[in-house]
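One file, start-v9.csv, is given below (CSV, C-alpha atoms).
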chain,number,residue,atom,x,y,z
A,3,MET,CA,0.0,0.0,0.0
A,4,ALA,CA,2.8,2.3,0.9
A,5,LYS,CA,4.6,1.5,-2.3
A,6,LEU,CA,1.5,2.4,-4.3
A,7,ASN,CA,1.4,5.7,-2.6
A,8,LYS,CA,5.0,6.4,-3.5
A,9,LYS,CA,4.3,5.6,-7.2
A,10,ASP,CA,1.3,7.9,-7.3
A,11,LYS,CA,3.5,10.7,-5.9
A,12,SER,CA,6.3,10.2,-8.5
A,13,GLN,CA,3.8,10.1,-11.3
A,14,GLY,CA,2.3,13.4,-10.4
A,15,LYS,CA,5.6,15.1,-10.0
A,16,GLY,CA,6.0,16.1,-13.7
A,17,PRO,CA,7.4,19.5,-14.8
A,18,ASN,CA,5.2,22.5,-14.0
A,19,VAL,CA,4.2,23.9,-17.4
A,20,ASN,CA,2.1,27.0,-17.9
A,21,GLU,CA,-0.5,27.6,-20.6
A,22,HIS,CA,2.1,29.0,-23.0
A,23,GLY,CA,4.2,25.9,-22.9
A,24,VAL,CA,6.9,27.4,-20.7
A,25,ILE,CA,8.5,25.2,-18.0
A,26,LEU,CA,8.2,27.0,-14.7
A,27,VAL,CA,11.2,26.7,-12.4
A,28,PRO,CA,11.6,28.0,-8.9
A,29,PRO,CA,13.6,31.2,-8.5
A,30,PRO,CA,17.4,30.9,-7.8
A,31,LYS,CA,18.6,31.3,-4.2
A,32,SER,CA,21.4,33.7,-5.1
A,33,VAL,CA,22.4,36.1,-7.9
A,34,PRO,CA,25.6,35.6,-9.8
A,35,ASN,CA,28.0,38.6,-10.0
A,36,LYS,CA,26.2,40.4,-7.2
A,37,GLU,CA,29.3,42.6,-6.7
A,38,HIS,CA,28.7,44.4,-10.0
A,39,MET,CA,25.2,45.3,-8.8
A,40,GLN,CA,26.5,46.5,-5.5
A,41,ARG,CA,29.1,48.6,-7.3
A,42,LEU,CA,26.5,50.2,-9.6
A,43,ASN,CA,24.2,50.9,-6.6
A,44,TYR,CA,27.1,52.6,-4.8
A,45,LEU,CA,28.0,54.8,-7.8
A,46,PHE,CA,24.4,55.9,-8.2
A,47,GLN,CA,24.1,56.8,-4.5
A,48,LEU,CA,27.4,58.7,-4.6
A,49,SER,CA,26.3,60.6,-7.6
A,50,THR,CA,22.9,61.5,-6.0
A,51,PHE,CA,24.7,62.6,-2.9
A,52,HIS,CA,27.0,64.9,-4.9
A,53,THR,CA,24.1,66.3,-6.8
A,54,MET,CA,22.2,67.1,-3.6
A,55,ALA,CA,25.1,68.3,-1.5
A,56,ASN,CA,27.4,70.1,-3.9
A,57,ASP,CA,25.7,73.2,-5.2
A,58,GLN,CA,28.9,75.1,-6.0
A,59,ASP,CA,29.7,73.1,-9.1
A,60,GLN,CA,27.3,74.2,-11.7
A,61,ASN,CA,28.3,71.6,-14.2
A,62,ARG,CA,28.0,68.7,-11.7
A,63,SER,CA,31.2,67.2,-13.1
A,64,LEU,CA,31.9,64.8,-10.3
A,65,SER,CA,28.3,63.6,-10.1
A,66,ARG,CA,28.2,63.1,-13.9
A,67,MET,CA,31.5,61.2,-13.9
A,68,TYR,CA,30.1,58.7,-11.4
A,69,ILE,CA,27.1,58.1,-13.6
A,70,ARG,CA,29.3,57.8,-16.6
A,71,ASN,CA,31.2,55.1,-14.8
A,72,LEU,CA,27.9,53.4,-13.8
A,73,ASP,CA,26.8,53.4,-17.4
A,74,LEU,CA,30.1,52.0,-18.7
A,75,ILE,CA,30.2,49.3,-16.0
A,76,GLN,CA,26.6,48.4,-16.6
A,77,LYS,CA,27.2,47.9,-20.3
A,78,LYS,CA,30.5,46.0,-19.8
A,79,THR,CA,29.0,43.6,-17.2
A,80,LYS,CA,25.6,43.4,-19.0
A,81,SER,CA,23.8,44.1,-15.8
A,82,ALA,CA,20.2,45.0,-15.9
A,83,LEU,CA,18.6,48.1,-14.3
A,84,THR,CA,14.9,48.6,-13.6
A,85,PRO,CA,13.1,51.2,-15.7
A,86,SER,CA,12.6,53.4,-12.7
A,87,PHE,CA,16.4,53.5,-12.2
A,88,LYS,CA,17.0,54.4,-15.8
A,89,ARG,CA,14.4,57.1,-15.8
A,90,GLN,CA,16.3,58.9,-13.2
A,91,ILE,CA,19.4,59.3,-15.3
A,92,CYS,CA,19.9,61.6,-18.3
A,93,LYS,CA,21.3,59.5,-21.2
A,94,SER,CA,22.9,62.4,-22.8
A,95,CYS,CA,24.8,64.3,-20.0
A,96,HIS,CA,24.7,61.6,-17.3
A,97,ARG,CA,23.1,63.8,-14.7
A,98,VAL,CA,20.9,62.3,-12.0
A,99,LEU,CA,17.4,63.8,-12.6
A,100,ILE,CA,16.2,65.4,-9.4
A,101,PRO,CA,13.4,67.9,-9.5
A,102,THR,CA,14.3,71.5,-8.7
A,103,LYS,CA,18.0,70.6,-8.9
A,104,THR,CA,18.7,69.2,-12.4
A,105,MET,CA,15.3,68.9,-14.1
A,106,THR,CA,11.9,70.3,-14.5
A,107,GLN,CA,8.8,68.3,-15.2
A,108,GLN,CA,5.5,69.1,-16.8
A,109,ILE,CA,2.5,67.4,-18.4
A,110,ILE,CA,1.8,68.9,-21.8
A,111,ASN,CA,-1.0,68.3,-24.3
A,112,GLU,CA,-0.3,69.4,-27.9
A,113,SER,CA,-3.5,68.1,-29.4
A,114,LYS,CA,-6.3,70.5,-30.6
A,115,GLN,CA,-9.0,68.8,-28.6
A,116,LYS,CA,-6.9,68.7,-25.4
A,117,THR,CA,-8.1,65.2,-24.6
A,118,ALA,CA,-6.6,63.3,-21.7
A,119,ARG,CA,-5.4,60.6,-24.2
A,120,ASN,CA,-2.8,63.0,-25.6
A,121,ASP,CA,-1.2,63.9,-22.3
A,122,VAL,CA,2.6,63.6,-22.4
A,123,LEU,CA,4.8,63.9,-19.3
A,124,VAL,CA,8.0,65.8,-20.2
A,125,LEU,CA,11.1,65.6,-18.0
A,126,SER,CA,13.5,68.3,-19.1
A,127,CYS,CA,17.1,67.9,-18.0
A,128,GLU,CA,19.4,70.9,-17.4
A,129,CYS,CA,21.3,70.0,-20.6
A,130,GLY,CA,18.2,70.5,-22.7
A,131,VAL,CA,17.4,66.9,-23.4
A,132,ARG,CA,13.8,65.9,-22.8
A,133,LYS,CA,12.3,62.6,-21.9
A,134,ARG,CA,8.7,62.2,-23.1
A,135,PHE,CA,6.3,59.7,-21.6
A,136,PRO,CA,2.9,59.4,-23.3
A,137,VAL,CA,1.0,58.8,-20.0
A,138,GLY,CA,-2.4,59.5,-21.4
A,139,LEU,CA,-2.2,56.8,-24.1
A,140,ASN,CA,-2.4,53.9,-21.6
A,141,PRO,CA,-2.7,55.1,-18.0
A,142,GLY,CA,-2.5,51.6,-16.7
A,143,TYR,CA,0.7,50.8,-18.4
A,144,GLN,CA,3.3,49.0,-16.4
A,145,PRO,CA,6.7,47.7,-17.6
A,146,HIS,CA,7.3,43.9,-17.3
A,147,VAL,CA,9.3,44.3,-14.1
A,148,GLU,CA,6.5,46.1,-12.3
A,149,ARG,CA,3.9,43.8,-13.6
A,150,VAL,CA,5.6,40.6,-12.5
A,151,GLY,CA,7.2,42.2,-9.3
A,152,PRO,CA,10.9,41.3,-8.8
A,153,ILE,CA,11.7,38.7,-6.2
A,154,TYR,CA,14.3,40.5,-4.0
A,155,MET,CA,17.3,38.5,-2.9
A,156,SER,CA,18.3,38.4,0.8
A,157,LYS,CA,21.9,39.3,1.7
B,12,MET,CA,8.7,4.7,-26.2
B,13,SER,CA,8.7,7.9,-24.3
B,14,SER,CA,7.3,8.7,-20.9
B,15,LEU,CA,4.7,11.3,-20.2
B,16,LYS,CA,7.4,13.4,-18.6
B,17,GLN,CA,9.5,13.4,-21.8
B,18,LEU,CA,6.5,14.2,-23.9
B,19,GLN,CA,5.7,17.1,-21.7
B,20,GLN,CA,9.3,18.3,-22.0
B,21,LYS,CA,9.2,18.1,-25.7
B,22,SER,CA,5.9,20.0,-26.0
B,23,ALA,CA,7.2,22.7,-23.6
B,24,ARG,CA,9.0,25.2,-25.8
B,25,ARG,CA,11.1,27.1,-23.4
B,26,LYS,CA,12.4,27.0,-19.8
B,27,GLN,CA,11.7,29.9,-17.6
B,28,VAL,CA,14.8,32.0,-17.0
B,29,TYR,CA,15.3,34.4,-14.1
B,30,ARG,CA,17.2,37.6,-14.9
B,31,PRO,CA,18.9,39.6,-12.1
B,32,ILE,CA,18.0,43.2,-12.0
B,33,LEU,CA,19.1,46.2,-9.9
B,34,ASP,CA,16.3,48.4,-8.5
B,35,ASN,CA,16.5,52.1,-7.7
B,36,PRO,CA,17.5,52.4,-4.0
B,37,TYR,CA,15.3,55.4,-3.6
B,38,THR,CA,12.0,53.9,-4.8
B,39,ASP,CA,11.7,51.7,-1.8
B,40,GLU,CA,8.3,52.0,-0.1
B,41,ALA,CA,10.0,52.7,3.2
B,42,HIS,CA,12.2,55.5,1.8
B,43,SER,CA,9.8,57.2,-0.5
B,44,TRP,CA,6.2,57.2,0.7
B,45,PRO,CA,5.4,57.8,4.3
B,46,ARG,CA,3.4,55.2,6.3
B,47,VAL,CA,-0.1,56.2,7.4
B,48,GLN,CA,-1.7,55.2,10.6
B,49,ASP,CA,-5.5,54.6,10.3
B,50,PRO,CA,-5.8,55.2,6.6
B,51,ALA,CA,-9.6,55.1,6.7
B,52,VAL,CA,-9.7,57.9,9.3
B,53,VAL,CA,-7.3,60.0,7.3
B,54,ALA,CA,-9.3,59.5,4.2
B,55,GLU,CA,-12.6,60.4,6.0
B,56,LEU,CA,-11.0,63.5,7.6
B,57,THR,CA,-9.6,64.6,4.2
B,58,ARG,CA,-13.0,64.1,2.5
B,59,THR,CA,-14.9,66.1,5.1
B,60,HIS,CA,-12.3,68.9,5.7
B,61,VAL,CA,-10.8,69.3,2.2
B,62,THR,CA,-12.5,67.8,-0.8
B,63,GLU,CA,-16.1,68.5,0.3
B,64,VAL,CA,-15.1,72.0,1.3
B,65,LEU,CA,-13.5,72.7,-2.0
B,66,ARG,CA,-16.4,71.2,-3.9
B,67,HIS,CA,-18.9,73.6,-2.2
B,68,ALA,CA,-16.7,76.6,-1.7
B,69,PRO,CA,-13.7,76.6,-4.0
B,70,ASP,CA,-12.2,79.8,-2.5
B,71,ALA,CA,-12.4,78.6,1.1
B,72,LEU,CA,-8.9,77.0,0.9
B,73,GLU,CA,-5.8,77.8,-1.0
B,74,ALA,CA,-5.6,74.6,-3.1
B,75,HIS,CA,-3.7,73.5,-6.2
B,76,CYS,CA,-5.0,70.5,-8.0
B,77,GLY,CA,-3.3,68.6,-10.8
B,78,PHE,CA,0.3,67.7,-11.6
B,79,ASN,CA,1.4,70.9,-13.3
B,80,ALA,CA,-0.1,73.2,-10.6
B,81,VAL,CA,1.4,71.2,-7.8
B,82,VAL,CA,4.9,70.9,-9.3
B,83,ALA,CA,4.9,74.6,-10.2
B,84,TYR,CA,3.9,75.6,-6.6
B,85,LEU,CA,6.6,73.3,-5.0
B,86,GLN,CA,9.3,74.5,-7.4
B,87,ARG,CA,8.8,78.2,-6.6
B,88,ALA,CA,7.8,77.8,-2.9
B,89,ALA,CA,9.6,80.0,-0.5
B,90,ALA,CA,11.5,78.9,2.7
B,91,PRO,CA,9.6,78.5,6.0
B,92,PRO,CA,9.3,82.1,7.4
B,93,ALA,CA,7.6,83.3,4.2
B,94,GLY,CA,6.2,80.0,2.8
B,95,ALA,CA,3.4,78.3,4.8
B,96,PRO,CA,3.5,74.6,5.3
B,97,VAL,CA,1.6,72.6,2.7
B,98,PHE,CA,-0.3,69.3,2.7
B,99,LEU,CA,0.2,67.2,-0.4
B,100,PHE,CA,-2.6,64.6,-0.9
B,101,VAL,CA,-1.6,61.8,-3.4
B,102,CYS,CA,-3.7,58.9,-4.6
B,103,ASN,CA,-0.8,56.6,-5.2
B,104,ARG,CA,-2.8,53.4,-4.8
B,105,ASP,CA,-5.2,54.4,-7.6
B,106,PRO,CA,-4.5,53.8,-11.3
B,107,VAL,CA,-2.3,56.8,-11.9
B,108,PRO,CA,0.7,56.2,-14.1
B,109,GLY,CA,3.7,55.3,-12.0
B,110,VAL,CA,6.0,57.6,-13.9
B,111,VAL,CA,3.9,60.6,-13.0
B,112,LEU,CA,4.2,59.9,-9.3
B,113,ALA,CA,7.7,58.6,-9.3
B,114,GLN,CA,9.4,62.0,-8.6
B,115,ILE,CA,6.7,63.4,-6.2
B,116,PRO,CA,8.3,62.1,-2.9
B,117,VAL,CA,11.6,63.5,-4.0
B,118,LEU,CA,10.1,66.8,-4.9
B,119,ALA,CA,8.3,66.9,-1.5
B,120,ARG,CA,11.7,66.5,0.2
B,121,VAL,CA,13.7,69.0,-1.9
B,122,ALA,CA,11.0,71.7,-1.8
B,123,ARG,CA,12.0,74.7,0.3
B,124,CYS,CA,8.7,74.8,2.2
B,125,GLU,CA,7.5,72.2,4.7
B,126,VAL,CA,5.6,69.5,2.8
B,127,VAL,CA,3.5,66.9,4.6
B,128,LEU,CA,3.0,64.1,2.1
B,129,VAL,CA,-0.3,62.2,2.7
B,130,PRO,CA,-0.8,59.0,0.6
B,131,LEU,CA,-4.5,58.2,0.3
B,132,PRO,CA,-6.1,54.8,0.2
B,133,ARG,CA,-7.4,53.1,-3.0
B,134,GLY,CA,-10.5,54.5,-4.5
B,135,PHE,CA,-10.1,58.0,-3.1
B,136,ILE,CA,-9.3,59.5,-6.5
B,137,ALA,CA,-13.1,59.9,-7.3
B,138,HIS,CA,-13.4,62.4,-4.5
B,139,LEU,CA,-10.9,64.7,-6.1
B,140,ASP,CA,-13.0,65.1,-9.3
B,141,GLY,CA,-14.9,68.1,-8.1
B,142,CYS,CA,-11.8,70.0,-6.7
B,143,GLY,CA,-10.6,71.6,-9.8
B,144,GLY,CA,-7.6,70.7,-11.9
B,145,GLY,CA,-9.3,71.4,-15.2
B,146,ARG,CA,-10.7,69.1,-17.9
B,147,GLY,CA,-13.2,67.5,-15.5
B,148,ALA,CA,-12.6,64.0,-14.1
B,149,GLY,CA,-9.1,62.7,-14.2
B,150,GLY,CA,-7.5,66.1,-14.9
B,151,HIS,CA,-5.9,66.2,-11.5
B,152,GLN,CA,-3.7,63.0,-11.8
B,153,GLY,CA,-4.6,62.2,-8.2
B,154,LEU,CA,-2.7,65.2,-6.7
B,155,LEU,CA,-4.1,67.9,-4.5
B,156,LEU,CA,-2.0,70.4,-2.6
B,157,VAL,CA,-3.5,72.5,0.2
B,158,VAL,CA,-1.7,75.4,1.8
B,159,GLN,CA,-2.0,75.7,5.6
B,160,ASN,CA,-3.0,79.3,6.0
B,161,GLY,CA,-5.9,81.1,7.8
B,162,GLY,CA,-8.7,79.0,6.2
B,163,PHE,CA,-7.2,75.7,7.1
B,164,ASP,CA,-8.4,74.0,10.2
B,165,PRO,CA,-5.4,73.7,12.6
B,166,HIS,CA,-6.9,70.9,14.5
B,167,PHE,CA,-7.3,68.9,11.3
B,168,ALA,CA,-3.6,69.7,10.4
B,169,GLU,CA,-2.5,68.4,13.8
B,170,GLN,CA,-4.5,65.2,13.3
B,171,LEU,CA,-2.9,64.6,9.9
B,172,ARG,CA,0.6,65.3,11.2
B,173,GLN,CA,0.1,62.8,14.0
B,174,ARG,CA,-1.1,60.0,11.7
B,175,VAL,CA,1.4,60.4,8.8
B,176,GLY,CA,4.7,59.1,9.7
B,177,HIS,CA,7.6,60.9,8.0
B,178,ALA,CA,9.7,58.8,5.7
B,179,THR,CA,13.5,59.1,5.7
B,180,ARG,CA,14.1,62.8,5.4
B,181,SER,CA,17.3,62.8,3.3
B,182,PRO,CA,17.8,59.3,2.0
B,183,TRP,CA,20.9,60.3,0.0
B,184,LEU,CA,22.8,60.9,3.3
B,185,GLU,CA,22.3,57.2,4.3
B,186,PHE,CA,23.8,54.4,2.3
B,187,VAL,CA,21.1,52.0,1.2
B,188,ALA,CA,22.1,48.4,0.4
B,189,ALA,CA,21.6,47.3,-3.2
B,190,ARG,CA,18.1,46.1,-4.0
B,191,VAL,CA,18.9,43.2,-6.3
B,192,GLY,CA,16.0,41.1,-7.5
B,193,VAL,CA,15.3,38.5,-10.1
B,194,VAL,CA,12.4,38.6,-12.6
B,195,PRO,CA,11.2,35.6,-14.6
B,196,SER,CA,11.5,35.8,-18.4
B,197,GLU,CA,8.5,37.3,-20.2
B,198,VAL,CA,6.3,34.6,-21.7
B,199,GLY,CA,5.8,36.5,-24.9
B,200,VAL,CA,9.5,36.6,-25.7
B,201,GLY,CA,9.7,32.8,-25.3
B,202,ARG,CA,6.8,32.2,-27.6
B,203,LYS,CA,8.2,34.6,-30.2
B,204,ALA,CA,11.6,33.0,-30.2
B,205,SER,CA,10.2,29.5,-30.5
B,206,SER,CA,7.7,30.2,-33.2

Turn the structure described in the file into structure tokens.
Amino acid sequence: MAKLNKKDKSQGKGPNVNEHGVILVPPPKSVPNKEHMQRLNYLFQLSTFHTMANDQDQNRSLSRMYIRNLDLIQKKTKSALTPSFKRQICKSCHRVLIPTKTMTQQIINESKQKTARNDVLVLSCECGVRKRFPVGLNPGYQPHVERVGPIYMSK
Amino acid sequence: MSSLKQLQQKSARRKQVYRPILDNPYTDEAHSWPRVQDPAVVAELTRTHVTEVLRHAPDALEAHCGFNAVVAYLQRAAAPPAGAPVFLFVCNRDPVPGVVLAQIPVLARVARCEVVLVPLPRGFIAHLDGCGGGRGAGGHQGLLLVVQNGGFDPHFAEQLRQRVGHATRSPWLEFVAARVGVVPSEVGVGRKASS
């Protein structure tokens, strides 16, 4: 009787496949090359600190240099950053985008009808580069990371 | 002869892959949005003392509704002796685009005046519809700023301050450990690649 039970269990243990035919596997217990991530995190915080604390340097050279390093390391190590992380960095001048300090933000509507569908959020960096997000087009839009929700790794 | 397991593996097109990703250290819930004690009480107080008042008498309070008005006010606000403290009510649980609200907690911290950020519970956005902001319903993007001046009830302000816990005041002065997470591969990508 006990043997039969064991057999039943082994038969029902097949791979967990979802409706799209993808084999689902449990999340890993650790992240490879975590040091790269920690280094990127440190550089970002350092750059933010210098942007906030050092008002004397109008060009924010030190802060921008740290973000430039972050960008290079991220590309070299092929590390992924979340969209919210990338939205806070100017791709052109490598400034950290902080309201009242390095950027201004505004919702504009360039359509004739002024419908909510044509609302565009514009983040303007000090350097003149503008990031445009058509927020009115799909207000419920979430990137894949936010939809799934990352599983944070413990130290 | 192949077992059921082998057949299933053959029919399965792709194995799920987890990709490590680094999150913004300053978007953490604990660091950005303050925690509210008794959210239902805060919502009820806000409804009776702010939104209902503004609906019936728009000039009773100095209020700014909508993203552009709130951001413009906070960017040009004066330092404490001249600039009065403000209460910023945000419907961050309602379906407002995340990118619109992402910079609001940072803006509340870097503004020169004192800003009390009050996150409101889910479903409160409907109460803001009659408070201005232009273009009728939804024109306010879930944001309402009220200046604490003569018309504002001081008892209500005290109640709000007691219930809204302040988040980390200057998070850039404290080192935050890396928020490393993993996200499973997108199903659509797998299907696209296999087909």

| request: Give the answer as one residue: which of B:Leu112, B:Ile136, B:Val121, B:Ala88 has the shortest atom-to-atom distance to Ala54 in chain B, using all atoms listed in the file? | output: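 Looking only at the distances to Ala54 in chain B, the closest residue turns out to be B:Ile136.
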
Quick one: everything within 10 Å of Ala168 in chain B, counting all atoms listed in the file, minus sequence neighbours fewer than 6 positions away in the same chain. Send it as a compact mmCIF listing (two decimals) with C-alpha atoms, keeping the file's coordinate frame.
# COMPACT_ATOMS: atom_id res chain seq x y z
CA HIS B 60 -12.30 68.90 5.70
CA VAL B 97 1.60 72.60 2.70
CA PHE B 98 -0.30 69.30 2.70
CA VAL B 127 3.50 66.90 4.60
CA GLN B 159 -2.00 75.70 5.60

| Can you tell me how far CA of Arg46 in chain B sits from CA of Leu171 in chain B, in Å to one decimal? |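 Value for the CA of Arg46 in chain B-CA of Leu171 in chain B distance: 11.9 Å.
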
| message | Taking all atoms listed in the file into account, find every residue of chain B that has an atom no more than 6 Å from chain A, and write it out as a list in words. | response |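 In the required form, that comes to Lys16, Ala23, Arg24, Arg25, Lys26, Gln27, Ile32, Leu33, Asp34, Asn35, Asn79, Gln86, Pro108, Leu118, Trp183, Ala189, Val191, Gly192, Val193 and Val194 of chain B.
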
| request: Calculate how many Å separate CA of Gln48 in chain B from CA of Pro91 in chain B, rounding to one decimal. | output: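 Computing the Euclidean distance for CA of Gln48 in chain B and CA of Pro91 in chain B yields 26.3 Å.
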
| field | Point-to-point distance from CA of Cys92 in chain A to CA of Gly130 in chain A, Å rounded to tenths | value |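 Interatomic distance, CA of Cys92 in chain A to CA of Gly130 in chain A: 10.1 Å.
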
| field | Which residue of B:Cys124, B:Phe135, B:Pro31, B:Cys142 approaches Ala90 in chain B most closely, using all atoms listed in the file | value |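 Smallest distance to Ala90 in chain B is found for B:Cys124.
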
| task | Give the answer as one residue: which of B:Ala113, B:Ala137, B:Leu56, B:Val47 has the shortest atom-to-atom distance to Phe78 in chain B, using all atoms listed in the file? | result |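 Looking only at the distances to Phe78 in chain B, the closest residue turns out to be B:Ala113.
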
| query | What would the list of residues within 10 Å of (7.8, 59.6, -7.1) (file frame) look like as a list of chain:residue names, if only C-alpha atoms are what count? | reply | A:Ser86, B:Tyr37, B:Thr38, B:Ser43, B:Trp44, B:Asn103, B:Gly109, B:Val110, B:Val111, B:Leu112, B:Ala113, B:Gln114, B:Ile115, B:Pro116, B:Val117, B:Leu118, B:Ala119

Box dimensions and centre (Å, one decimal) enclosing range 106-125 of chain B, axis-aligned, 5 Å extra per side, as AutoDock Vina command-line options:
--center_x 4.6 --center_y 64.3 --center_z -4.7 --size_x 28.2 --size_y 31.0 --size_z 28.8
